[in-house]
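Engineer: Here you go, run.txt (compact mmCIF, C-alpha atoms and all ligand atoms):
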```txt
# COMPACT_ATOMS: atom_id res chain seq x y z
CA MET A 126 -8.43 -4.47 16.31
CA PRO A 127 -4.77 -5.17 15.70
CA TYR A 128 -3.54 -5.59 12.13
CA ASP A 129 -0.26 -7.18 11.08
CA ALA A 130 0.03 -4.83 8.10
CA ILE A 131 -1.44 -1.45 7.17
CA VAL A 132 -1.16 -0.34 3.55
CA ILE A 133 -1.68 3.39 3.12
CA THR A 134 -2.20 4.72 -0.41
CA ALA A 135 -3.92 7.67 -2.02
CA HIS A 136 -6.74 6.09 -4.03
CA PRO A 137 -8.81 2.90 -4.08
CA ASP A 138 -6.85 0.70 -6.54
CA ASP A 139 -3.34 1.99 -5.62
CA ALA A 140 -2.78 -0.71 -3.00
CA GLU A 141 -3.90 -3.42 -5.41
CA VAL A 142 -1.79 -2.11 -8.30
CA GLN A 143 1.33 -1.63 -6.22
CA MET A 144 1.22 -4.71 -4.00
CA GLY A 145 -2.02 -6.67 -4.45
CA GLY A 146 -0.15 -9.98 -4.73
CA THR A 147 1.75 -9.27 -1.53
CA ILE A 148 -1.44 -8.32 0.32
CA ALA A 149 -3.04 -11.62 -0.73
CA LYS A 150 0.10 -13.47 0.29
CA ILE A 151 0.14 -11.90 3.75
CA ALA A 152 -3.56 -12.71 4.16
CA ASP A 153 -2.93 -16.32 3.06
CA GLN A 154 -0.53 -16.62 6.00
CA GLU A 155 -3.48 -15.86 8.25
CA LEU A 156 -2.07 -12.45 9.04
CA THR A 157 -4.35 -9.43 8.93
CA VAL A 158 -4.12 -6.52 6.50
CA LEU A 159 -5.88 -3.15 6.52
CA ILE A 160 -5.87 -1.07 3.34
CA VAL A 161 -6.28 2.64 4.04
CA ASP A 162 -7.21 4.86 1.08
CA LEU A 163 -6.79 8.56 1.71
CA CYS A 164 -9.84 9.39 -0.45
CA ASP A 165 -12.69 7.66 -2.29
CA GLY A 166 -11.19 8.27 -5.72
CA GLU A 167 -14.06 10.40 -6.99
CA PRO A 168 -14.67 11.41 -9.68
CA ALA A 169 -14.03 8.02 -11.29
CA ASP A 170 -13.46 7.90 -15.04
CA TYR A 171 -16.24 5.50 -16.01
CA ALA A 172 -18.80 5.44 -13.19
CA GLU A 173 -21.23 7.46 -11.14
CA PRO A 174 -20.26 8.57 -7.62
CA GLY A 175 -20.26 5.76 -5.07
CA VAL A 176 -19.55 2.92 -7.47
CA ARG A 177 -15.77 2.96 -7.05
CA ILE A 178 -15.88 2.36 -3.30
CA GLN A 179 -18.15 -0.66 -3.81
CA GLN A 180 -15.65 -2.03 -6.29
CA ALA A 181 -12.84 -1.28 -3.86
CA GLN A 182 -14.58 -3.23 -1.12
CA ARG A 183 -14.98 -6.23 -3.41
CA ALA A 184 -11.31 -5.99 -4.37
CA ALA A 185 -10.25 -5.97 -0.71
CA ASP A 186 -12.47 -9.00 -0.03
CA ILE A 187 -10.80 -10.89 -2.85
CA LEU A 188 -7.36 -10.14 -1.42
CA GLY A 189 -8.46 -11.02 2.11
CA ALA A 190 -7.93 -7.51 3.48
CA ASP A 191 -10.08 -5.02 5.34
CA ARG A 192 -10.47 -1.55 3.89
CA LEU A 193 -10.90 1.92 5.34
CA ILE A 194 -11.56 4.90 3.09
CA LEU A 195 -10.74 8.31 4.57
CA ASP A 196 -12.47 11.52 3.55
CA GLY A 197 -9.74 13.26 1.56
CA GLN A 198 -10.48 14.77 -1.84
CA ASP A 199 -8.99 13.04 -4.87
CA ARG A 200 -6.51 15.40 -6.62
CA PHE A 201 -6.09 17.52 -3.49
CA ILE A 202 -4.32 15.10 -1.11
CA GLU A 203 -1.61 16.95 0.81
CA ASP A 204 0.88 16.27 3.57
CA THR A 205 -0.86 18.13 6.40
CA ILE A 206 -0.48 17.97 10.19
CA PRO A 207 -4.12 16.87 10.77
CA LEU A 208 -3.75 14.00 8.27
CA ARG A 209 -0.40 12.96 9.79
CA LEU A 210 -2.09 12.83 13.18
CA GLU A 211 -5.06 10.87 11.81
CA LEU A 212 -2.74 8.26 10.30
CA ALA A 213 -0.60 8.11 13.44
CA GLN A 214 -3.78 7.54 15.41
CA LEU A 215 -4.69 4.62 13.11
CA ILE A 216 -1.23 3.13 13.60
CA ARG A 217 -1.50 3.43 17.38
CA GLU A 218 -4.98 1.89 17.37
CA HIS A 219 -4.13 -1.03 15.11
CA ARG A 220 -0.50 -1.64 16.16
CA PRO A 221 0.81 -3.09 12.88
CA ARG A 222 4.14 -4.85 12.44
CA TRP A 223 4.48 -3.41 8.97
CA VAL A 224 3.30 -0.19 7.36
CA PHE A 225 3.41 0.23 3.60
CA GLY A 226 3.01 3.47 1.63
CA THR A 227 3.66 4.83 -1.84
CA ALA A 228 7.10 6.44 -2.24
CA GLU A 229 9.19 8.32 -4.76
CA ALA A 230 6.14 9.44 -6.69
CA CYS A 231 6.00 12.71 -8.59
CA VAL A 232 3.61 12.18 -11.51
CA HIS A 233 0.40 12.33 -9.46
CA PRO A 234 0.49 14.86 -6.61
CA ASP A 235 -1.76 12.65 -4.46
CA HIS A 236 0.73 9.79 -4.70
CA ALA A 237 3.59 12.19 -3.94
CA ALA A 238 1.93 13.24 -0.70
CA VAL A 239 1.79 9.69 0.68
CA GLU A 240 5.50 9.21 1.47
CA PRO A 241 5.90 12.25 3.75
CA LEU A 242 2.51 11.57 5.35
CA VAL A 243 3.22 7.93 6.12
CA THR A 244 6.79 8.54 7.23
CA ALA A 245 5.65 11.26 9.63
CA ALA A 246 2.73 9.17 10.90
CA VAL A 247 5.00 6.21 11.72
CA PHE A 248 7.29 8.57 13.62
CA TYR A 249 4.49 10.42 15.41
CA ALA A 250 3.01 7.07 16.46
CA ARG A 251 6.06 6.25 18.56
CA LEU A 252 6.24 9.58 20.41
CA ARG A 253 4.97 10.25 23.93
CA ASN A 254 3.56 13.30 25.72
CA TRP A 255 1.11 14.39 23.05
CA ASP A 256 -1.01 15.96 25.77
CA ARG A 257 1.67 18.65 25.93
CA VAL A 258 1.53 19.40 22.21
CA PRO A 259 -1.07 22.01 21.27
CA GLY A 260 -3.04 20.50 18.38
CA GLY A 261 -1.68 17.00 18.96
CA GLU A 262 -3.97 16.00 21.83
CA ILE A 263 -5.77 13.39 19.71
CA LEU A 264 -2.73 11.13 20.08
CA ALA A 265 -2.75 11.38 23.88
CA LYS A 266 -5.68 8.93 23.95
CA THR A 267 -3.62 6.00 22.66
CA GLU A 268 -0.37 4.37 23.66
CA PRO A 269 2.76 4.87 21.56
CA TRP A 270 3.44 2.16 18.97
CA ILE A 271 6.69 1.38 17.17
CA VAL A 272 6.26 -0.45 13.87
CA ASP A 273 8.79 -3.14 12.90
CA ARG A 274 9.14 -1.93 9.35
CA LEU A 275 8.12 0.81 6.97
CA PHE A 276 8.14 -0.41 3.37
CA PHE A 277 7.38 1.27 0.07
CA PRO A 278 6.04 -0.59 -2.97
CA HIS A 279 6.78 0.72 -6.45
CA CYS A 280 4.19 3.14 -7.85
CA LYS A 281 3.56 1.96 -11.38
CA MET A 282 2.83 5.47 -12.72
CA GLU A 283 6.46 6.27 -12.07
CA PRO A 284 9.58 5.29 -14.05
CA ALA A 285 10.82 1.76 -13.38
CA TRP A 286 13.22 1.27 -10.49
CA GLY A 287 15.37 -1.15 -12.50
CA GLU A 288 17.19 -3.23 -9.92
CA SER A 289 17.35 -0.34 -7.41
CA PHE A 290 15.01 -1.78 -4.81
CA ASP A 291 15.59 -3.53 -1.51
CA PHE A 292 13.61 -6.74 -1.88
CA ALA A 293 10.95 -8.43 -3.94
CA VAL A 294 8.07 -10.68 -2.97
CA ASP A 295 7.33 -13.73 -5.11
CA VAL A 296 3.62 -13.28 -5.80
CA SER A 297 3.26 -15.98 -8.44
CA GLU A 298 0.82 -17.99 -6.34
CA THR A 299 -1.44 -15.06 -5.49
CA TYR A 300 -1.27 -13.25 -8.81
CA GLU A 301 -4.69 -14.49 -9.95
CA SER A 302 -6.20 -12.85 -6.87
CA LYS A 303 -4.46 -9.58 -7.73
CA LYS A 304 -5.85 -9.70 -11.28
CA GLN A 305 -9.33 -10.49 -10.00
CA ALA A 306 -9.13 -7.63 -7.51
CA LEU A 307 -8.05 -5.17 -10.21
CA ALA A 308 -10.79 -6.45 -12.53
CA GLN A 309 -13.37 -5.15 -10.02
CA TYR A 310 -12.42 -1.57 -10.86
CA GLN A 311 -14.63 -1.12 -13.90
CA SER A 312 -15.01 2.51 -12.81
CA ILE A 313 -11.42 3.26 -13.79
CA PHE A 314 -10.21 0.47 -16.07
CA GLU A 315 -11.69 -0.75 -19.33
CA THR A 316 -11.98 -4.28 -18.04
CA GLU A 317 -14.47 -5.35 -20.73
CA THR A 318 -11.84 -5.03 -23.41
CA SER A 319 -8.17 -5.26 -22.58
CA ASP A 320 -7.05 -2.23 -20.63
CA GLN A 321 -3.60 -0.98 -21.57
CA LEU A 322 -2.84 0.12 -18.01
CA LEU A 323 -3.67 -3.29 -16.58
CA GLU A 324 -1.46 -4.89 -19.22
CA LEU A 325 1.39 -2.56 -18.29
CA TYR A 326 1.00 -3.33 -14.58
CA GLU A 327 1.10 -7.04 -15.24
CA ALA A 328 4.08 -6.65 -17.56
CA GLU A 329 6.05 -4.94 -14.80
CA ASP A 330 5.27 -7.63 -12.25
CA MET A 331 6.15 -10.30 -14.79
CA HIS A 332 9.41 -8.56 -15.67
CA MET A 333 10.36 -8.31 -12.00
CA GLY A 334 9.53 -11.99 -11.59
CA ARG A 335 11.87 -12.86 -14.45
CA LEU A 336 14.75 -11.29 -12.54
CA PHE A 337 14.25 -14.04 -9.97
CA GLY A 338 13.13 -16.91 -12.18
CA VAL A 339 9.54 -16.81 -10.93
CA ASP A 340 6.33 -15.84 -12.72
CA TYR A 341 5.52 -12.60 -10.89
CA ALA A 342 7.17 -10.42 -8.26
CA GLU A 343 6.36 -7.10 -6.55
CA ILE A 344 9.24 -4.87 -5.49
CA PHE A 345 9.78 -2.76 -2.39
CA LYS A 346 12.14 -0.27 -0.84
CA ALA A 347 12.69 -0.27 2.92
CA HIS A 348 12.80 2.89 5.02
CA SER A 349 15.84 1.57 6.90
CA PRO A 350 18.39 -1.19 6.20
CA LEU A 351 17.15 -4.75 6.43
CA LEU A 352 18.31 -7.19 9.10
CA VAL A 353 17.79 -10.95 9.30
CA ASP A 354 19.07 -13.61 11.64
CA ASP A 355 17.95 -16.51 9.46
CA LEU A 356 19.65 -16.59 6.07
CA THR A 357 17.24 -19.27 4.86
CA THR A 358 14.76 -16.38 4.57
CA PHE A 359 16.39 -15.61 1.24
CA LYS A 360 15.14 -17.47 -1.80
CA PRO A 361 17.78 -18.45 -4.38
CA GLY A 362 18.76 -15.81 -6.96
CA LEU A 363 18.99 -16.61 -10.65
CA HIS A 364 22.75 -16.09 -10.65
CA GLY A 365 23.59 -16.46 -7.01
ZN ZN B 401 -3.64 6.46 -7.41
```
Here is a file; write its structure as structure tokens.
Structural biologist:
Amino acid sequence: MPYDAIVITAHPDDAEVQMGGTIAKIADQELTVLIVDLCDGEPADYAEPGVRIQQAQRAADILGADRLILDGQDRFIEDTIPLRLELAQLIREHRPRWVFGTAEACVHPDHAAVEPLVTAAVFYARLRNWDRVPGGEILAKTEPWIVDRLFFPHCKMEPAWGESFDFAVDVSETYESKKQALAQYQSIFETETSDQLLELYEAEDMHMGRLFGVDYAEIFKAHSPLLVDDLTTFKPGLHG
């Protein structure tokens, strides 16, 4: 089925942490979102095998997204040709307007692998004549697809971007959904008490919101410069 947006991240919880409010906001507009996790996130810190993916499914339901978990191994995610082709195949099958993926990550090697994988997959998806590429035949079964935009949310394990990002999404109205989605992940967060990581994530989104005079915002970089033909798209800035 077609999706308006595909969010590709390494582990179940990355999509929620990086852009859960935006996912809920897209879904609220009656657009469709598919979260693709490159692995099942095992072993989880605080749960037996299999629990984390159940929590991930509940989190996706709360945000209004569908979820697909690929069979990579947590800690060993790499930018490989077969995985590029698999992601390109997903893009060609689901024909999204927007693809999102983690970028500029270096703390966790799995997160670092996402940017080259997603960038290559978006490019492969638009190419023709895969039947003439030894090893690339899988893509010959689907038509080329050109996405409108490739965007990268901020990975919260990484240093702050300051004001060096391309745009922000006001997620004040959907932030409760993001918090509820993250609260499902009892396999990795200490949700019973107050988890320091969750507090840090919320603090960043709140700080970014303050830059714009709203409660919460999630920030993004764009793969290529942004173009609009309707200036009313822009919300007012705090200082013009
Ligand atoms: Zn992660």
Engineer: List the spatial neighbours of segment 292-299 of chain A as a PyMOL selection string - criterion: any atom at most 8 Å away, only C-alpha atoms, same-chain residues fewer than 2 positions off excluded.
Structural biologist: chain A and resi 146-147+149-150+290+301-303+334+339-346
Engineer: Can you tell me, as a list in words, what residues are no more than 7 Å from segment 153-162 of chain A when counting only C-alpha atoms, ignoring any on the same chain fewer than 4 positions away?
Structural biologist: Tyr128, Asp129, Ala130, Ile131, Val132, Ile133, Thr134, Ala135, His136, Pro137, Ile148, Ala149, Ala190, Asp191, Arg192, Leu193, Ile194 and Leu195 of chain A
Engineer: Determine the nearest neighbour of ligand ZN 401 (chain B) from the options A:Thr358, A:Gln305, A:Gln143, A:Gln311, counting all atoms listed in the file.
Structural biologist: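 For ligand ZN 401 (chain B), the nearest of the given residues is A:Gln143.
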Engineer: Using all atoms listed in the file, which residues of the polymer chains come no farther than 9 Å from ligand ZN 401 (chain B)? I'd like the answer as a list in words.
Structural biologist: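 The residues within 9 Å of ligand ZN 401 (chain B), counting all atoms listed in the file, are Thr134, Ala135, His136, Pro137, Asp138, Asp139, Ala140, Val142, Gly166, Asp199, His233, Asp235, His236, Cys280 and Met282 of chain A.
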Engineer: With distances taken over only C-alpha atoms, which of A:Pro269, A:Pro278, A:Pro168, A:Gly261 is nearest to Val247 of chain A?
Structural biologist: A:Pro269
Engineer: In Å, rounded to a single decimal, give me how far atom CA of Ser289 of chain A is from atom CA of Gly365 of chain A.
Structural biologist: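 For atom CA of Gly365 of chain A relative to atom CA of Ser289 of chain A, the distance reads 17.3 Å.
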Engineer: Centre and edge lengths of an axis-aligned box around all listed atoms of segment 170-184 of chain A, with 8 Å added on each side, are to be given in Å to one decimal, as JSON.
Structural biologist:
```
{"center_x": -16.3, "center_y": 1.2, "center_z": -8.6, "size_x": 25.9, "size_y": 30.8, "size_z": 30.9}
```
Engineer: Any idea what the distance is between atom CA of Lys266 of chain A and atom CA of Arg253 of chain A?
Structural biologist: 10.7 Å
Engineer: Can you work out which one of A:Leu352, A:Val239, A:Leu275, A:Ala246 has the shortest atom-to-atom distance to Leu215 of chain A, counting all atoms listed in the file?
Structural biologist: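 With all atoms listed in the file as the atom set, the closest residue is A:Ala246.
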Engineer: Find the residue from A:Ala228, A:Leu336, A:Ile271, A:Leu323 that sits nearest to Ala213 of chain A; use all atoms listed in the file when measuring.
Structural biologist: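 Nearest candidate to Ala213 of chain A out of A:Ala228, A:Leu336, A:Ile271, A:Leu323: A:Ile271.
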Engineer: Have a look at A:Glu203, A:Trp270, A:His279, A:Leu212 and name the one nearest to Thr227 of chain A; count only C-alpha atoms.
Structural biologist: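 Among the listed residues, the smallest separation from Thr227 of chain A belongs to A:His279.
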Engineer: Within 12 Å of Asp256 of chain A, counting only C-alpha atoms, which residues show up once you throw out same-chain ones fewer than 3 positions away? Write them as a list of chain:residue names, please.
Structural biologist: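 What passes the distance filter is A:Leu252, A:Arg253, A:Pro259, A:Gly260, A:Gly261, A:Glu262, A:Ile263, A:Leu264, A:Ala265, A:Lys266, A:Thr267, A:Glu268.
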Engineer: Please report the interatomic distance between atom CA of Glu327 of chain A and atom CA of Ile151 of chain A in Å with one decimal.
Structural biologist: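 Taking atom CA of Glu327 of chain A and atom CA of Ile151 of chain A, their separation equals 19.6 Å.
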Engineer: With a distance cut-off of 6 Å and only C-alpha atoms, select the neighbouring residues of Phe276 of chain A, excluding the residue or stretch itself and same-chain residues fewer than 2 positions from it, and output the selection as a list in words.
Structural biologist: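 Listed by chain and then number, they are Phe225, Lys346, Ala347 and His348 of chain A.
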Engineer: Let's have the selection written as a PDB file, in the coordinates of the input, with C-alpha atoms.
Structural biologist:
```pdb
ATOM      1  CA  PHE A 225       3.410   0.230   3.600  1.00  0.00           C
ATOM      2  CA  LYS A 346      12.140  -0.270  -0.840  1.00  0.00           C
ATOM      3  CA  ALA A 347      12.690  -0.270   2.920  1.00  0.00           C
ATOM      4  CA  HIS A 348      12.800   2.890   5.020  1.00  0.00           C
TER       5      HIS A 348
END
```
Engineer: For a quick check of understanding, using only C-alpha atoms, which of A:Ala181, A:Leu351, A:Leu210, A:Val176 has the smallest distance to Asp291 of chain A?
Structural biologist: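 Of A:Ala181, A:Leu351, A:Leu210, A:Val176, the one nearest Asp291 of chain A, counting only C-alpha atoms, is A:Leu351.
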Engineer: Place a sphere of radius 8 Å on (-5.9, -0.1, 18.8) in the file coordinates and name every protein, DNA or RNA residue with an atom inside or on its surface, counting all atoms listed in the file; give the answer as a ChimeraX atom specification.
Structural biologist: /A:126-127,215-220,267
